[in-house]
Amino acid sequence: MNAVAAPRSAPVDVVGRVASVLRALAGAEPHGLTTSELARAVSLARPTAHRLLTSLLEHGLSERLAGDGRWVLGPEAYLLGTSAAARYDVTELAQPVVRRLAQATGESAFFSVRRGDETVVLLREDGAFPLRSHVLDVGTRFPLGVVSAGMVILAHLSPREIDDYLDRTDLTARHGSQHAADKVRKHVARTRRTGYSVNPGLVVQGSWGMAAAVFDEQERPQWALSLTGVEHRFTAARRPELGARLLHEAHALTTALRKGRRAD
């Protein structure tokens, strides 16, 4: 089941609340959320969450599953996404790269996008190795600085952007003391030295990840390629090999995105 978006401070404006509800539903596809789960995910009172869900239902942006009554995204959300896909969808170019990473390493490979202070998984491809990490799936969101994709994107921001983000963000409340600002800064420094990030089981014990950033035309880290798997597959001897492969594919995808063609 997909991870539910992490609770955050409840937005005070209606548009912010609606956006939070839609993001939470997207992160819970295809299984959906109960009203209570949705309320907890977006830090709203249950009656408020129910009113928003009912209003979205009237406009086709949410839907209630028959049987268990769980809430999912509605058909209008699909139509809106389809309309915007021509400008924002880069998964067609990224898909062969993600598949190539999975096939070459045997691990689960991912392509994620930065959305504000979060990363969102857009693609997943599983490799041949039978033991897998289940921390990530398509639609899963994590704050910057959490999981390898969020760490590598944070590390490639400017020092001022990193400082501003860590000054206003408390990652420990949801993700534990290992994500305190001083420890995140150490991971940022390490990532800047190697070019790729390593998540040594910080989110789920025994589940490791590595990632490399993919850049837009303004040299901003907008996406990330990552690999996840069980700890013993990410040994000190193997990590440099995986890191080099991630950096190679990230560079190829960066070039392909700028030219609008496949990264062969």
# chains A, B, ... in the order shown; residues from 1 in each chain; ligands from 1

$ select_by_dssp --residues "segment 77-200 of chain A" --states "strand (DSSP E or B)" --output "NGL selection string"
:A and (108-115 or 118-125 or 141-143 or 196-200)

$ residues_around --residues "Ser148 of chain A" --least-positions-apart "2" --cutoff "7 Å" --atoms "only C-alpha atoms" --output "list in words"
Val146, Gly150, Met151, Val152, Ser197, Val198, Asn199, Gly209, Met210, Ala211 and Ser226 of chain A

$ write_last_selection --atoms "N, CA, C and O atoms" --output "short mmCIF file (atom, residue, chain, number, x, y, z; two decimals), in the first residue's frame"
data_model
loop_
_atom_site.label_atom_id
_atom_site.label_comp_id
_atom_site.auth_asym_id
_atom_site.auth_seq_id
_atom_site.Cartn_x
_atom_site.Cartn_y
_atom_site.Cartn_z
N VAL A 146 14.69 13.73 3.34
CA VAL A 146 14.26 12.40 3.77
C VAL A 146 14.23 11.50 2.55
O VAL A 146 13.81 11.92 1.48
N GLY A 150 15.10 12.83 -1.80
CA GLY A 150 14.97 14.11 -1.12
C GLY A 150 16.30 14.65 -0.62
O GLY A 150 16.51 15.87 -0.57
N MET A 151 17.19 13.75 -0.24
CA MET A 151 18.51 14.18 0.23
C MET A 151 19.36 14.74 -0.90
O MET A 151 20.00 15.79 -0.77
N VAL A 152 19.36 14.06 -2.05
CA VAL A 152 20.23 14.51 -3.13
C VAL A 152 19.73 15.82 -3.73
O VAL A 152 20.53 16.68 -4.13
N SER A 197 23.60 10.63 -3.11
CA SER A 197 23.22 10.49 -1.70
C SER A 197 23.10 9.02 -1.32
O SER A 197 22.87 8.16 -2.17
N VAL A 198 23.25 8.78 -0.02
CA VAL A 198 23.07 7.44 0.53
C VAL A 198 22.15 7.55 1.74
O VAL A 198 22.40 8.34 2.65
N ASN A 199 21.08 6.78 1.74
CA ASN A 199 20.18 6.70 2.89
C ASN A 199 20.42 5.35 3.56
O ASN A 199 19.93 4.32 3.10
N GLY A 209 18.95 3.22 0.43
CA GLY A 209 18.70 3.86 -0.85
C GLY A 209 19.86 4.74 -1.27
O GLY A 209 20.64 5.19 -0.43
N MET A 210 19.97 4.97 -2.56
CA MET A 210 20.97 5.88 -3.12
C MET A 210 20.30 6.65 -4.25
O MET A 210 19.40 6.14 -4.90
N ALA A 211 20.78 7.88 -4.50
CA ALA A 211 20.14 8.70 -5.53
C ALA A 211 21.12 9.69 -6.13
O ALA A 211 22.11 10.09 -5.51
N SER A 226 16.82 7.07 -8.28
CA SER A 226 17.26 6.40 -7.06
C SER A 226 17.12 4.90 -7.16
O SER A 226 16.39 4.37 -7.99
#

$ residues_around --residues "Ala189 of chain A" --least-positions-apart "3" --cutoff "12 Å" --atoms "only C-alpha atoms" --output "PyMOL selection string"
chain A and resi 151-152+154-157+159+162+182-186+192-198

$ closest_atom_pairs --of "segment 41-136 of chain A" --to "segment 233-248 of chain A" --cutoff "12 Å" --atoms "only C-alpha atoms" --output "tab-separated table"
residue	atom	partner	partner_atom	distance
A:Val97	CA	A:Leu246	CA	9.9
A:Val98	CA	A:Leu246	CA	9.9
A:Arg100	CA	A:Arg245	CA	10.3
A:Leu101	CA	A:Leu246	CA	7.7
A:Ala102	CA	A:Leu246	CA	10.8
A:Ala104	CA	A:Arg245	CA	9.1
A:Thr105	CA	A:Leu242	CA	7.7
A:Gly106	CA	A:Arg233	CA	9.5
A:Glu107	CA	A:Arg233	CA	8.5
A:Ser108	CA	A:Arg233	CA	11.4
A:Ala109	CA	A:Leu246	CA	10.0
A:Phe110	CA	A:Leu246	CA	10.9
A:Phe111	CA	A:Leu246	CA	11.3
A:Phe129	CA	A:Arg233	CA	9.5
A:Pro130	CA	A:Arg233	CA	11.6
A:Leu131	CA	A:Arg233	CA	9.7
A:Arg132	CA	A:Arg233	CA	10.2
A:Ser133	CA	A:Arg233	CA	11.2

$ closest_atom_pairs --of "segment 112-201 of chain A" --to "segment 11-32 of chain A" --cutoff "10 Å" --atoms "only C-alpha atoms" --output "Markdown table"
| residue | atom | partner | partner_atom | distance |
| --- | --- | --- | --- | --- |
| A:Val120 | CA | A:Gly27 | CA | 8.7 |
| A:Val121 | CA | A:Gly27 | CA | 9.4 |
| A:Asp137 | CA | A:Gly27 | CA | 8.9 |
| A:Val138 | CA | A:Gly27 | CA | 7.9 |
| A:Gly139 | CA | A:Gly27 | CA | 4.7 |
| A:Thr140 | CA | A:Gly27 | CA | 5.2 |
| A:Arg141 | CA | A:Gly27 | CA | 6.8 |

$ write_last_selection --atoms "N, CA and C atoms" --output "compact mmCIF listing (two decimals), in the first residue's frame"
# COMPACT_ATOMS: atom_id res chain seq x y z
N VAL A 120 8.18 13.56 -4.98
CA VAL A 120 7.08 12.66 -5.29
C VAL A 120 7.57 11.61 -6.28
N VAL A 121 7.33 10.35 -6.00
CA VAL A 121 7.74 9.28 -6.90
C VAL A 121 6.83 9.25 -8.13
N ASP A 137 6.66 3.97 -3.44
CA ASP A 137 5.86 3.52 -4.57
C ASP A 137 5.43 4.76 -5.33
N VAL A 138 4.86 4.59 -6.49
CA VAL A 138 4.43 5.73 -7.29
C VAL A 138 3.42 6.56 -6.49
N GLY A 139 3.66 7.85 -6.41
CA GLY A 139 2.80 8.76 -5.66
C GLY A 139 3.26 9.04 -4.25
N THR A 140 4.22 8.26 -3.73
CA THR A 140 4.70 8.48 -2.38
C THR A 140 5.44 9.82 -2.29
N ARG A 141 5.16 10.55 -1.22
CA ARG A 141 5.78 11.86 -0.99
C ARG A 141 6.61 11.82 0.29
